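Right, one structure below, let's go through it.
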Amino acid sequence: MSFPYRLVATDLDGTLLRSDDTVSARTRESLDRATAAGAAHLVVTGRSVPWTRHILDDLGYRGLAVCGQGAQVYHAGEHRLLTSVTLDRRLAATAVAKIEAEIGPLALAASRDGIDGEVLVGPGYRVQEGPLPARSYDDPAELWAEPLNKLYLQHRELGDDALAEAARRLVGDLVGITMAGPGIVELLPLGLSKATGLSLAARRLGVTAAETIAFGDMPNDLPMFGWAAYGVAMANAHPELLAVADETTASHDQDGIAEVLERLLAA
């Protein structure tokens, strides 16, 4: 039997990437075998392009990638941004004010639009350790000075799930809210999701949702699972994703993607 899917969509953090931000030789080989069998591999990540392209370059990845929670479709081989959706900054500022009026001050960061867009980090925002570039700001006006893909929200008392739930309740009619990982609650253009960018990229590749298998680990992968024919959650996935997955595989540190692809390739 030939490989049953024409598109393999993988999240990056907590899914394709191991805890040390590398991809195992076994996983690389399984993806190479799937593409040799006629499937395309598509990276679908919450990271914006500037935080993604160095990983794609290291992988030798030459195809399309969906970045910025679906906001950006990026051609890795040509180092070119094909599509980009930006956040309405007035609407975003209104949403932040509404949230703060109810639950108190937020710590904010923002991802600026473009292939070289900076990530701005405001006072009190806790940046996760790692090599990803970010720049601090003190003047709130700087946050809104240039086009943005998304805002990052943190609260001094509320955890990620509680903050995301409160934000949806308060401003879910104005903007999109998703939780993309530990300490990463994001404010997005309303209606934007990984499924938005995935469907655009799939159309460019001539592939349908019915021909797609998707791998992920966080609530921001829920729309991608809803779009794809088959959704595989990693063992380390958030409970919300585990609850809707068609299958649960091994963790990102234990070659969970390879485990599934090898089985499908052997069928």
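Letters for chains follow the order of the structure tokens (A, B, ...), residue numbers begin at 1 for each chain, and ligand numbers begin at 1 in the order shown.
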
Members of segment 37-255 of chain A assigned alpha helix (DSSP H) by DSSP, as JSON, numbers by chain: {"A": [53, 54, 55, 56, 57, 58, 59, 89, 90, 91, 92, 93, 94, 95, 96, 97, 98, 99, 100, 101, 102, 103, 140, 141, 142, 143, 160, 161, 162, 163, 164, 165, 166, 167, 168, 169, 170, 171, 194, 195, 196, 197, 198, 199, 200, 201, 202, 203, 204, 205, 222, 223, 224, 225, 226, 227, 239, 240, 241, 242]}

Quick one: residues within 6 Å of segment 84-97 of chain A, only C-alpha atoms counted, chain neighbours fewer than 3 positions away excluded, as a PyMOL selection string? chain A and resi 71-72+100+148-149+171+189

Selected residues written out with C-alpha atoms, as an mmCIF file, in the first residue's frame:
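again_29.cif was written with the following content:
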```cif
data_model
loop_
_atom_site.group_PDB
_atom_site.id
_atom_site.type_symbol
_atom_site.label_atom_id
_atom_site.label_comp_id
_atom_site.auth_asym_id
_atom_site.auth_seq_id
_atom_site.Cartn_x
_atom_site.Cartn_y
_atom_site.Cartn_z
ATOM 1 C CA ALA A 71 -0.720 34.830 9.465
ATOM 2 C CA GLN A 72 2.232 34.174 7.169
ATOM 3 C CA GLU A 100 -7.026 45.121 31.799
ATOM 4 C CA LEU A 148 1.986 43.719 13.935
ATOM 5 C CA ASN A 149 1.113 40.070 13.389
ATOM 6 C CA VAL A 171 -12.833 40.352 23.854
ATOM 7 C CA PRO A 189 -6.717 38.956 14.102
#
```

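One finds atom CA of Gly176 of chain A at 6.8 Å from atom CA of Leu192 of chain A.
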
Skip Leu200 of chain A itself and residues of its chain fewer than 3 positions away, then list as an MDAnalysis selection string all residues within 12 Å of it, counting only C-alpha atoms. chainID A and resid 42 44 64:67 70:74 82:84 192:197 203:209 227

For Asn236 of chain A: contacts at 8 Å, only C-alpha atoms, fewer than 5 positions along chain excluded, given as a PDB file with C-alpha atoms, in the first residue's frame:
```pdb
ATOM      1  CA  GLY A  14       6.900  20.365  21.229  1.00  0.00           C
ATOM      2  CA  ASP A 217       0.817  19.517  20.856  1.00  0.00           C
ATOM      3  CA  ALA A 250       5.058   9.213  21.581  1.00  0.00           C
ATOM      4  CA  SER A 251       6.431  12.543  22.784  1.00  0.00           C
ATOM      5  CA  HIS A 252       8.488  14.982  20.735  1.00  0.00           C
TER       6      HIS A 252
END
```

Which polymer residues have any atom within 9 Å of an atom of Tyr5 of chain A, counting only C-alpha atoms, with same-chain residues fewer than 6 positions away left out, as a PyMOL selection string? chain A and resi 34+38-40+210-213

What is the distance between atom CA of Asp58 of chain A and atom CA of Glu78 of chain A, in Å to one decimal? 14.6 Å
